[in-house]
$ cat upload-v8.cif   # mmCIF, C-alpha atoms
data_work
#
loop_
_atom_site.group_PDB
_atom_site.id
_atom_site.type_symbol
_atom_site.label_atom_id
_atom_site.label_comp_id
_atom_site.auth_asym_id
_atom_site.auth_seq_id
_atom_site.Cartn_x
_atom_site.Cartn_y
_atom_site.Cartn_z
ATOM 1 C CA MET A 1 100.562 69.670 84.985
ATOM 2 C CA ASN A 2 100.488 68.524 88.604
ATOM 3 C CA ALA A 3 98.699 70.913 90.962
ATOM 4 C CA ILE A 4 101.001 70.197 93.924
ATOM 5 C CA ILE A 5 104.751 69.969 94.454
ATOM 6 C CA THR A 6 106.825 68.253 97.137
ATOM 7 C CA ALA A 7 109.326 70.121 99.296
ATOM 8 C CA SER A 8 112.259 68.230 97.797
ATOM 9 C CA ALA A 9 111.161 69.007 94.236
ATOM 10 C CA LEU A 10 110.629 72.664 95.099
ATOM 11 C CA GLU A 11 114.102 72.946 96.608
ATOM 12 C CA ARG A 12 115.566 71.582 93.377
ATOM 13 C CA GLU A 13 113.524 73.963 91.240
ATOM 14 C CA THR A 14 114.452 77.047 93.263
ATOM 15 C CA ALA A 15 118.129 76.224 92.645
ATOM 16 C CA GLY A 16 117.558 75.637 88.933
ATOM 17 C CA PRO A 17 117.644 77.884 85.867
ATOM 18 C CA ARG A 18 113.917 78.735 85.973
ATOM 19 C CA PRO A 19 112.946 79.133 89.621
ATOM 20 C CA PRO A 20 109.269 79.690 90.385
ATOM 21 C CA VAL A 21 107.786 82.783 91.983
ATOM 22 C CA LEU A 22 107.138 81.876 95.628
ATOM 23 C CA LEU A 23 104.066 83.208 97.433
ATOM 24 C CA ASP A 24 103.668 82.931 101.216
ATOM 25 C CA VAL A 25 99.972 83.034 102.134
ATOM 26 C CA ARG A 26 100.059 81.964 105.768
ATOM 27 C CA TYR A 27 96.679 82.697 107.295
ATOM 28 C CA GLU A 28 94.477 81.381 110.095
ATOM 29 C CA MET A 29 90.857 82.489 110.371
ATOM 30 C CA GLY A 30 90.545 84.376 113.641
ATOM 31 C CA GLY A 31 94.268 83.975 114.295
ATOM 32 C CA PRO A 32 97.097 86.508 114.343
ATOM 33 C CA PRO A 33 98.042 88.353 111.129
ATOM 34 C CA GLY A 34 100.285 86.370 108.809
ATOM 35 C CA ARG A 35 102.760 89.147 108.053
ATOM 36 C CA PRO A 36 104.698 88.959 111.375
ATOM 37 C CA VAL A 37 104.929 85.174 111.002
ATOM 38 C CA TYR A 38 106.290 85.644 107.488
ATOM 39 C CA GLU A 39 108.861 88.204 108.656
ATOM 40 C CA ALA A 40 110.071 85.803 111.368
ATOM 41 C CA GLY A 41 111.063 83.269 108.710
ATOM 42 C CA HIS A 42 109.937 82.136 105.270
ATOM 43 C CA LEU A 43 111.138 80.235 102.228
ATOM 44 C CA PRO A 44 113.981 82.178 100.633
ATOM 45 C CA GLY A 45 112.669 84.560 98.011
ATOM 46 C CA ALA A 46 108.995 84.205 98.989
ATOM 47 C CA VAL A 47 106.731 87.261 98.894
ATOM 48 C CA TYR A 48 103.911 87.616 101.416
ATOM 49 C CA ILE A 49 100.319 87.834 100.158
ATOM 50 C CA ASP A 50 97.476 88.759 102.528
ATOM 51 C CA LEU A 51 94.368 86.625 102.110
ATOM 52 C CA GLU A 52 91.935 89.055 103.756
ATOM 53 C CA THR A 53 92.891 92.123 101.708
ATOM 54 C CA GLU A 54 94.423 90.779 98.476
ATOM 55 C CA LEU A 55 92.632 87.477 97.867
ATOM 56 C CA ALA A 56 89.189 88.525 99.118
ATOM 57 C CA GLY A 57 86.949 91.555 99.074
ATOM 58 C CA PRO A 58 85.160 93.080 102.075
ATOM 59 C CA PRO A 59 82.647 90.729 103.760
ATOM 60 C CA GLY A 60 78.976 91.347 103.092
ATOM 61 C CA LYS A 61 75.961 89.871 101.335
ATOM 62 C CA ASN A 62 78.273 87.958 98.974
ATOM 63 C CA GLY A 63 79.943 86.127 101.853
ATOM 64 C CA ARG A 64 82.863 86.454 104.257
ATOM 65 C CA HIS A 65 85.546 86.033 101.583
ATOM 66 C CA PRO A 66 84.066 87.187 98.266
ATOM 67 C CA LEU A 67 86.315 87.659 95.281
ATOM 68 C CA PRO A 68 88.415 90.825 95.465
ATOM 69 C CA GLU A 69 88.388 93.531 92.838
ATOM 70 C CA LEU A 70 90.448 92.215 89.937
ATOM 71 C CA ALA A 71 92.657 95.307 90.079
ATOM 72 C CA VAL A 72 93.533 94.571 93.721
ATOM 73 C CA PHE A 73 94.390 90.957 92.982
ATOM 74 C CA ALA A 74 96.353 91.848 89.854
ATOM 75 C CA GLY A 75 98.310 94.486 91.755
ATOM 76 C CA ALA A 76 99.247 92.018 94.486
ATOM 77 C CA MET A 77 100.397 89.440 91.959
ATOM 78 C CA ARG A 78 102.461 91.933 89.967
ATOM 79 C CA ARG A 79 104.021 93.261 93.175
ATOM 80 C CA ALA A 80 105.110 89.686 93.907
ATOM 81 C CA GLY A 81 106.710 89.382 90.472
ATOM 82 C CA VAL A 82 104.076 87.120 88.950
ATOM 83 C CA GLY A 83 103.953 86.879 85.173
ATOM 84 C CA ALA A 84 102.267 84.350 82.905
ATOM 85 C CA ASP A 85 105.669 83.218 81.602
ATOM 86 C CA ARG A 86 106.996 82.038 84.972
ATOM 87 C CA PRO A 87 105.728 79.224 87.230
ATOM 88 C CA VAL A 88 104.261 80.027 90.643
ATOM 89 C CA VAL A 89 104.377 77.967 93.837
ATOM 90 C CA VAL A 90 102.151 78.909 96.764
ATOM 91 C CA TYR A 91 102.360 77.778 100.387
ATOM 92 C CA ASP A 92 100.750 78.488 103.735
ATOM 93 C CA GLY A 93 101.333 77.230 107.262
ATOM 94 C CA GLY A 94 100.536 73.642 106.329
ATOM 95 C CA LYS A 95 96.757 73.361 106.311
ATOM 96 C CA GLY A 96 96.693 74.183 102.623
ATOM 97 C CA TRP A 97 93.465 76.173 102.579
ATOM 98 C CA ALA A 98 94.894 79.655 101.967
ATOM 99 C CA ALA A 99 97.420 78.300 99.478
ATOM 100 C CA ALA A 100 94.622 76.552 97.599
ATOM 101 C CA ARG A 101 92.607 79.774 97.474
ATOM 102 C CA THR A 102 95.611 81.490 95.843
ATOM 103 C CA TRP A 103 96.122 78.546 93.474
ATOM 104 C CA TRP A 104 92.469 78.671 92.462
ATOM 105 C CA MET A 105 92.438 82.443 91.909
ATOM 106 C CA LEU A 106 95.551 82.366 89.750
ATOM 107 C CA ARG A 107 94.293 79.407 87.717
ATOM 108 C CA TRP A 108 90.768 80.903 87.414
ATOM 109 C CA SER A 109 92.258 84.167 86.182
ATOM 110 C CA GLY A 110 94.372 82.501 83.534
ATOM 111 C CA HIS A 111 97.806 81.676 84.928
ATOM 112 C CA PRO A 112 98.904 78.417 83.277
ATOM 113 C CA ASP A 113 101.433 77.096 85.814
ATOM 114 C CA VAL A 114 100.577 77.226 89.527
ATOM 115 C CA ARG A 115 101.247 74.616 92.205
ATOM 116 C CA VAL A 116 100.762 74.324 95.951
ATOM 117 C CA LEU A 117 103.593 73.175 98.226
ATOM 118 C CA ASP A 118 102.284 69.916 99.682
ATOM 119 C CA GLY A 119 102.408 70.193 103.481
ATOM 120 C CA GLY A 120 103.266 73.888 103.311
ATOM 121 C CA PHE A 121 105.692 75.717 105.555
ATOM 122 C CA ALA A 122 105.255 73.164 108.337
ATOM 123 C CA HIS A 123 106.592 70.331 106.193
ATOM 124 C CA TRP A 124 109.372 72.426 104.651
ATOM 125 C CA SER A 125 110.698 73.632 108.014
ATOM 126 C CA ALA A 126 110.262 70.258 109.746
ATOM 127 C CA GLU A 127 112.718 68.774 107.253
ATOM 128 C CA GLY A 128 115.302 71.435 108.063
ATOM 129 C CA ARG A 129 115.191 73.140 104.695
ATOM 130 C CA PRO A 130 116.517 76.710 104.376
ATOM 131 C CA LEU A 131 114.601 79.724 105.697
ATOM 132 C CA SER A 132 115.171 83.445 105.389
ATOM 133 C CA THR A 133 114.122 86.669 107.104
ATOM 134 C CA ASP A 134 115.057 88.824 104.103
ATOM 135 C CA VAL A 135 112.039 90.529 102.516
ATOM 136 C CA PRO A 136 112.565 90.468 98.748
ATOM 137 C CA VAL A 137 111.484 93.243 96.409
ATOM 138 C CA PRO A 138 111.109 91.480 93.053
ATOM 139 C CA ALA A 139 110.873 93.188 89.693
ATOM 140 C CA GLU A 140 107.308 94.160 88.826
ATOM 141 C CA GLY A 141 105.435 91.249 87.275
ATOM 142 C CA THR A 142 103.352 91.362 84.124
ATOM 143 C CA PHE A 143 100.366 89.263 85.194
ATOM 144 C CA THR A 144 97.025 90.394 83.741
ATOM 145 C CA PRO A 145 93.994 88.443 84.992
ATOM 146 C CA GLU A 146 91.681 86.941 82.399
ATOM 147 C CA PRO A 147 88.904 85.346 84.497
ATOM 148 C CA GLY A 148 87.061 82.239 83.447
ATOM 149 C CA ALA A 149 89.736 79.592 83.043
ATOM 150 C CA LEU A 150 88.149 77.571 85.883
ATOM 151 C CA PRO A 151 84.382 77.290 86.489
ATOM 152 C CA LEU A 152 82.773 79.538 89.089
ATOM 153 C CA LEU A 153 79.338 79.105 90.692
ATOM 154 C CA ASP A 154 76.920 81.622 92.145
ATOM 155 C CA ALA A 155 74.126 80.722 94.576
ATOM 156 C CA ASP A 156 71.623 79.800 91.854
ATOM 157 C CA ASP A 157 74.220 77.684 90.063
ATOM 158 C CA ALA A 158 75.029 75.856 93.294
ATOM 159 C CA ALA A 159 71.358 75.143 94.006
ATOM 160 C CA ALA A 160 70.864 73.766 90.492
ATOM 161 C CA LEU A 161 74.046 71.670 90.552
ATOM 162 C CA ALA A 162 73.004 70.074 93.860
ATOM 163 C CA ARG A 163 70.099 68.538 91.899
ATOM 164 C CA SER A 164 71.612 67.933 88.470
ATOM 165 C CA GLY A 165 75.161 66.944 89.434
ATOM 166 C CA VAL A 166 77.219 66.669 92.624
ATOM 167 C CA LEU A 167 77.635 69.563 95.059
ATOM 168 C CA LEU A 168 80.181 68.769 97.779
ATOM 169 C CA ASP A 169 80.055 70.502 101.169
ATOM 170 C CA ALA A 170 83.664 70.810 102.341
ATOM 171 C CA ARG A 171 82.899 71.859 105.920
ATOM 172 C CA ALA A 172 83.124 69.630 108.981
ATOM 173 C CA ALA A 173 80.393 66.983 109.037
ATOM 174 C CA GLU A 174 78.728 68.377 112.170
ATOM 175 C CA ARG A 175 78.278 71.742 110.446
ATOM 176 C CA TYR A 176 76.801 70.021 107.397
ATOM 177 C CA ARG A 177 74.329 68.155 109.617
ATOM 178 C CA GLY A 178 73.326 71.402 111.349
ATOM 179 C CA GLU A 179 74.402 70.240 114.797
ATOM 180 C CA VAL A 180 76.670 73.239 115.291
ATOM 181 C CA GLU A 181 77.377 76.484 113.460
ATOM 182 C CA PRO A 182 80.166 78.556 115.031
ATOM 183 C CA ILE A 183 80.332 81.304 112.400
ATOM 184 C CA ASP A 184 77.305 81.794 110.178
ATOM 185 C CA PRO A 185 73.749 82.701 111.275
ATOM 186 C CA VAL A 186 72.037 79.473 110.162
ATOM 187 C CA ALA A 187 73.096 75.829 110.613
ATOM 188 C CA GLY A 188 72.688 73.119 107.994
ATOM 189 C CA HIS A 189 73.547 72.700 104.319
ATOM 190 C CA ILE A 190 72.376 73.515 100.806
ATOM 191 C CA PRO A 191 69.600 71.049 99.931
ATOM 192 C CA GLY A 192 70.974 68.249 97.781
ATOM 193 C CA ALA A 193 74.613 68.802 98.793
ATOM 194 C CA VAL A 194 76.790 65.870 99.875
ATOM 195 C CA SER A 195 79.007 66.009 102.971
ATOM 196 C CA ALA A 196 82.711 65.803 102.040
ATOM 197 C CA PRO A 197 84.907 67.314 104.780
ATOM 198 C CA THR A 198 88.091 68.834 103.380
ATOM 199 C CA MET A 199 90.322 67.365 106.080
ATOM 200 C CA GLU A 200 89.629 63.867 104.738
ATOM 201 C CA ASN A 201 91.715 64.767 101.668
ATOM 202 C CA VAL A 202 94.957 64.765 103.635
ATOM 203 C CA ALA A 203 97.042 62.396 105.746
ATOM 204 C CA ALA A 204 97.982 62.990 109.376
ATOM 205 C CA ASP A 205 100.995 65.087 108.342
ATOM 206 C CA GLY A 206 98.798 67.481 106.345
ATOM 207 C CA ARG A 207 99.938 66.305 102.932
ATOM 208 C CA PHE A 208 97.478 65.157 100.282
ATOM 209 C CA LEU A 209 96.539 61.518 100.030
ATOM 210 C CA PRO A 210 97.836 59.805 96.875
ATOM 211 C CA ALA A 211 95.865 60.612 93.733
ATOM 212 C CA ALA A 212 94.441 57.086 93.507
ATOM 213 C CA GLU A 213 93.093 57.285 97.076
ATOM 214 C CA LEU A 214 91.557 60.682 96.419
ATOM 215 C CA ARG A 215 89.958 59.379 93.241
ATOM 216 C CA LYS A 216 88.469 56.464 95.182
ATOM 217 C CA ARG A 217 87.133 58.834 97.832
ATOM 218 C CA PHE A 218 85.454 61.136 95.327
ATOM 219 C CA ASP A 219 84.075 58.236 93.302
ATOM 220 C CA ALA A 220 82.354 56.996 96.464
ATOM 221 C CA LEU A 221 80.782 60.452 96.878
ATOM 222 C CA GLY A 222 79.421 60.364 93.339
ATOM 223 C CA ALA A 223 82.025 62.816 92.030
ATOM 224 C CA ASP A 224 83.373 60.587 89.287
ATOM 225 C CA SER A 225 84.575 61.563 85.824
ATOM 226 C CA GLY A 226 81.041 61.492 84.436
ATOM 227 C CA ALA A 227 79.580 63.980 86.898
ATOM 228 C CA GLN A 228 79.453 67.757 87.000
ATOM 229 C CA VAL A 229 80.987 68.651 90.356
ATOM 230 C CA GLY A 230 80.904 71.796 92.473
ATOM 231 C CA VAL A 231 82.235 72.571 95.944
ATOM 232 C CA TYR A 232 81.348 75.019 98.703
ATOM 233 C CA CYS A 233 82.390 75.541 102.312
ATOM 234 C CA GLY A 234 81.865 78.370 104.793
ATOM 235 C CA SER A 235 83.378 81.204 102.777
ATOM 236 C CA GLY A 236 85.148 79.788 99.745
ATOM 237 C CA VAL A 237 88.561 79.047 101.268
ATOM 238 C CA SER A 238 88.539 75.399 102.377
ATOM 239 C CA ALA A 239 86.373 74.629 99.336
ATOM 240 C CA ALA A 240 89.285 75.751 97.144
ATOM 241 C CA HIS A 241 91.348 73.069 98.892
ATOM 242 C CA GLN A 242 88.709 70.530 97.894
ATOM 243 C CA VAL A 243 88.828 71.728 94.278
ATOM 244 C CA LEU A 244 92.608 71.308 94.458
ATOM 245 C CA ALA A 245 92.223 67.769 95.836
ATOM 246 C CA LEU A 246 89.831 66.967 93.000
ATOM 247 C CA ALA A 247 92.409 68.315 90.530
ATOM 248 C CA VAL A 248 95.069 66.059 92.070
ATOM 249 C CA ALA A 249 92.639 63.177 91.504
ATOM 250 C CA GLY A 250 92.166 64.244 87.880
ATOM 251 C CA LEU A 251 88.611 65.526 88.350
ATOM 252 C CA PRO A 252 87.542 69.057 87.356
ATOM 253 C CA ALA A 253 85.234 70.950 89.698
ATOM 254 C CA ALA A 254 83.592 74.354 90.030
ATOM 255 C CA LEU A 255 83.937 76.561 93.121
ATOM 256 C CA TYR A 256 81.053 78.358 94.820
ATOM 257 C CA VAL A 257 83.071 81.218 96.302
ATOM 258 C CA GLY A 258 80.220 82.791 98.274
ATOM 259 C CA SER A 259 79.552 79.434 99.949
ATOM 260 C CA TRP A 260 77.479 79.030 103.113
ATOM 261 C CA SER A 261 78.169 82.581 104.332
ATOM 262 C CA GLU A 262 76.539 83.980 101.170
ATOM 263 C CA TRP A 263 73.811 81.341 101.025
ATOM 264 C CA THR A 264 72.577 82.107 104.548
ATOM 265 C CA ALA A 265 72.722 85.881 104.015
ATOM 266 C CA ASP A 266 69.404 85.492 102.155
ATOM 267 C CA ALA A 267 66.729 84.191 104.514
ATOM 268 C CA GLN A 268 64.641 83.034 101.546
ATOM 269 C CA ARG A 269 67.142 80.361 100.532
ATOM 270 C CA PRO A 270 66.232 76.845 101.714
ATOM 271 C CA VAL A 271 68.300 74.956 104.275
ATOM 272 C CA ALA A 272 68.540 71.207 104.938
ATOM 273 C CA THR A 273 69.810 69.460 108.087
ATOM 274 C CA GLY A 274 70.765 65.927 109.060
ATOM 275 C CA HIS A 275 72.895 63.248 107.444
ATOM 276 C CA GLU A 276 71.054 63.108 104.116
ATOM 277 C CA PRO A 277 71.428 65.620 101.259
ATOM 278 C CA GLY A 278 67.759 66.595 101.579
#
$ encode --input "upload-v8.cif" --output "structure tokens"
Amino acid sequence: MNAIITASALERETAGPRPPVLLDVRYEMGGPPGRPVYEAGHLPGAVYIDLETELAGPPGKNGRHPLPELAVFAGAMRRAGVGADRPVVVYDGGKGWAAARTWWMLRWSGHPDVRVLDGGFAHWSAEGRPLSTDVPVPAEGTFTPEPGALPLLDADDAAALARSGVLLDARAAERYRGEVEPIDPVAGHIPGAVSAPTMENVAADGRFLPAAELRKRFDALGADSGAQVGVYCGSGVSAAHQVLALAVAGLPAALYVGSWSEWTADAQRPVATGHEPG
């Protein structure tokens, strides 16, 4: 199953006999709330999901976007009409990070058929496709999370994988090098991690590079089919986008949800700086 779907293919599917559940997860870190943006116009039939309260727990020692309580996540999915017997398509404003976090959580918790709209709302609306301001109230879904379908790392796992396999740092390269850190208390990277900025997975229009190009990119980073691969970022959101890009390339990868915000919450954990993994 492909992990992404084009706008044209999604429009055909929504008009077909088995339309997918649509989830709108528009979110910008530090930006305005996504709900008003959703209410101003969204894909017809889409239900809004809030990343901060339904796809993440309260910030703390486990990072800025730790996993939410399973009951909270399950409730949000059922409210949106999600069931294991119906496909799901997720989109955000176009960056893909929030949509990828939703994709990862649904796949990790056992949903068999989830895709991300490539290019998100920005691409859909730029092509003049239909929008709606109606807020749907779907029938209650039946989704019951069964975690473990995708691999998940904690801090110790990430540290070990950086030495035994390939741990990709999905943040901007200057944050990896420790030249700047606008959010977390310490600059640098997990020792042994390889710099792999998420934004290099997409073209100028925000859509994913072709699978063959992504495969070539990850091969060059050491993340080939023979390697165990993990990904982290600042708080487990853009790293989910990297896991999605790896899936598009046909490469499985584990997600370190706590990421740098959890790693640096413990002053005893080592930190590397500079261009090299360390």
$ resolve_selection --input "upload-v8.cif" --expression "the PyMOL selection byres ((chain A and resi 142) around 7)" --output "PyMOL selection string"
chain A and resi 78+82-83+140-141+143-144
$ closest_residue --input "upload-v8.cif" --among "A:Glu11, A:Glu174, A:Asp154, A:Asp92" --to "Val25 in chain A" --atoms "all atoms listed in the file"
A:Asp92
$ residues_around --input "upload-v8.cif" --residues "Gly250 in chain A" --least-positions-apart "3" --cutoff "9 Å" --atoms "only C-alpha atoms" --output "list in words"
Ala211, Arg215, Ser225, Ala245, Leu246 and Ala247 of chain A
$ closest_residue --input "upload-v8.cif" --among "A:Ala71, A:Ala9, A:Ala158, A:Leu106" --to "Arg129 in chain A" --atoms "only C-alpha atoms"
A:Ala9
$ resolve_selection --input "upload-v8.cif" --expression "the PyMOL selection byres ((chain A and resi 23) around 12)" --output "CSV table (one decimal) with C-alpha atoms, in the frame of the given file"
chain,number,residue,atom,x,y,z
A,20,PRO,CA,109.3,79.7,90.4
A,21,VAL,CA,107.8,82.8,92.0
A,22,LEU,CA,107.1,81.9,95.6
A,24,ASP,CA,103.7,82.9,101.2
A,25,VAL,CA,100.0,83.0,102.1
A,26,ARG,CA,100.1,82.0,105.8
A,38,TYR,CA,106.3,85.6,107.5
A,42,HIS,CA,109.9,82.1,105.3
A,43,LEU,CA,111.1,80.2,102.2
A,44,PRO,CA,114.0,82.2,100.6
A,45,GLY,CA,112.7,84.6,98.0
A,46,ALA,CA,109.0,84.2,99.0
A,47,VAL,CA,106.7,87.3,98.9
A,48,TYR,CA,103.9,87.6,101.4
A,49,ILE,CA,100.3,87.8,100.2
A,50,ASP,CA,97.5,88.8,102.5
A,51,LEU,CA,94.4,86.6,102.1
A,76,ALA,CA,99.2,92.0,94.5
A,77,MET,CA,100.4,89.4,92.0
A,78,ARG,CA,102.5,91.9,90.0
A,79,ARG,CA,104.0,93.3,93.2
A,80,ALA,CA,105.1,89.7,93.9
A,81,GLY,CA,106.7,89.4,90.5
A,82,VAL,CA,104.1,87.1,89.0
A,87,PRO,CA,105.7,79.2,87.2
A,88,VAL,CA,104.3,80.0,90.6
A,89,VAL,CA,104.4,78.0,93.8
A,90,VAL,CA,102.2,78.9,96.8
A,91,TYR,CA,102.4,77.8,100.4
A,92,ASP,CA,100.8,78.5,103.7
A,93,GLY,CA,101.3,77.2,107.3
A,98,ALA,CA,94.9,79.7,102.0
A,99,ALA,CA,97.4,78.3,99.5
A,100,ALA,CA,94.6,76.6,97.6
A,101,ARG,CA,92.6,79.8,97.5
A,102,THR,CA,95.6,81.5,95.8
A,103,TRP,CA,96.1,78.5,93.5
A,106,LEU,CA,95.6,82.4,89.8
A,114,VAL,CA,100.6,77.2,89.5
A,115,ARG,CA,101.2,74.6,92.2
A,116,VAL,CA,100.8,74.3,96.0
A,117,LEU,CA,103.6,73.2,98.2
A,120,GLY,CA,103.3,73.9,103.3
A,121,PHE,CA,105.7,75.7,105.6
A,135,VAL,CA,112.0,90.5,102.5
A,136,PRO,CA,112.6,90.5,98.7
A,138,PRO,CA,111.1,91.5,93.1
$ residues_around --input "upload-v8.cif" --residues "range 176-179 of chain A" --least-positions-apart "2" --cutoff "6 Å" --atoms "all atoms listed in the file" --output "PDB file with C-alpha atoms, in the coordinates of the input"
ATOM      1  CA  ALA A 173      80.393  66.983 109.037  1.00  0.00           C
ATOM      2  CA  GLU A 174      78.728  68.377 112.170  1.00  0.00           C
ATOM      3  CA  ALA A 187      73.096  75.829 110.613  1.00  0.00           C
ATOM      4  CA  GLY A 188      72.688  73.119 107.994  1.00  0.00           C
ATOM      5  CA  HIS A 189      73.547  72.700 104.319  1.00  0.00           C
ATOM      6  CA  THR A 273      69.810  69.460 108.087  1.00  0.00           C
ATOM      7  CA  GLY A 274      70.765  65.927 109.060  1.00  0.00           C
ATOM      8  CA  HIS A 275      72.895  63.248 107.444  1.00  0.00           C
TER       9      HIS A 275
END
$ closest_residue --input "upload-v8.cif" --among "A:Thr264, A:Thr133, A:Thr53, A:Gln242" --to "Pro197 in chain A" --atoms "all atoms listed in the file"
A:Gln242
$ axis_aligned_box --input "upload-v8.cif" --around "range 232-235 of chain A" --padding-each-side "3 Å" --output "lines of an AutoDock Vina configuration file"
center_x = 82.4
center_y = 78.1
center_z = 101.7
size_x = 8.0
size_y = 12.2
size_z = 12.1
$ atom_distance --input "upload-v8.cif" --atom1 "CA of Ala159 in chain A" --atom2 "CA of Ile190 in chain A"
7.1 Å
$ closest_residue --input "upload-v8.cif" --among "A:Asp134, A:Ala220, A:Gly119, A:Gly236" --to "Ala203 in chain A" --atoms "all atoms listed in the file"
A:Gly119
$ atom_distance --input "upload-v8.cif" --atom1 "CA of Ala74 in chain A" --atom2 "CA of Val237 in chain A"
18.8 Å
$ residues_near_point --input "upload-v8.cif" --point "(75.6, 87.7, 95.0)" --cutoff "10 Å" --atoms "only C-alpha atoms" --output "ChimeraX atom specification"
/A:60-63,66,154-156,257-258,262-263,265-266
$ write_last_selection --input "upload-v8.cif" --atoms "C-alpha atoms" --output "tab-separated table (two decimals), keeping the file's coordinate frame"
chain	number	residue	atom	x	y	z
A	60	GLY	CA	78.98	91.35	103.09
A	61	LYS	CA	75.96	89.87	101.34
A	62	ASN	CA	78.27	87.96	98.97
A	63	GLY	CA	79.94	86.13	101.85
A	66	PRO	CA	84.07	87.19	98.27
A	154	ASP	CA	76.92	81.62	92.14
A	155	ALA	CA	74.13	80.72	94.58
A	156	ASP	CA	71.62	79.80	91.85
A	257	VAL	CA	83.07	81.22	96.30
A	258	GLY	CA	80.22	82.79	98.27
A	262	GLU	CA	76.54	83.98	101.17
A	263	TRP	CA	73.81	81.34	101.02
A	265	ALA	CA	72.72	85.88	104.02
A	266	ASP	CA	69.40	85.49	102.16
$ resolve_selection --input "upload-v8.cif" --expression "the PyMOL selection byres ((chain A and resi 8) around 12)" --output "ChimeraX atom specification"
/A:5-7,9-15,117-120,123-125,127-130
$ closest_residue --input "upload-v8.cif" --among "A:Ala160, A:Ala122, A:Val248, A:Ala267" --to "Ala212 in chain A" --atoms "all atoms listed in the file"
A:Val248
$ closest_residue --input "upload-v8.cif" --among "A:Gly192, A:Pro151, A:Pro68, A:Gly16" --to "Pro277 in chain A" --atoms "only C-alpha atoms"
A:Gly192
$ atom_distance --input "upload-v8.cif" --atom1 "CA of Ser259 in chain A" --atom2 "CA of Pro145 in chain A"
22.7 Å
$ decode --input "upload-v8.cif" --residues "range 260-271 of chain A" --atoms "C-alpha atoms" --output "mmCIF file, in the first residue's frame"
data_model
loop_
_atom_site.group_PDB
_atom_site.id
_atom_site.type_symbol
_atom_site.label_atom_id
_atom_site.label_comp_id
_atom_site.auth_asym_id
_atom_site.auth_seq_id
_atom_site.Cartn_x
_atom_site.Cartn_y
_atom_site.Cartn_z
ATOM 1 C CA TRP A 260 15.677 16.161 21.026
ATOM 2 C CA SER A 261 13.236 17.809 23.454
ATOM 3 C CA GLU A 262 13.222 14.638 25.588
ATOM 4 C CA TRP A 263 16.916 13.905 25.092
ATOM 5 C CA THR A 264 17.994 17.319 26.397
ATOM 6 C CA ALA A 265 15.584 17.195 29.351
ATOM 7 C CA ASP A 266 18.162 14.929 31.036
ATOM 8 C CA ALA A 267 21.418 16.814 31.552
ATOM 9 C CA GLN A 268 23.296 13.519 31.902
ATOM 10 C CA ARG A 269 22.717 12.537 28.278
ATOM 11 C CA PRO A 270 25.685 13.238 25.979
ATOM 12 C CA VAL A 271 25.545 15.817 23.198
#
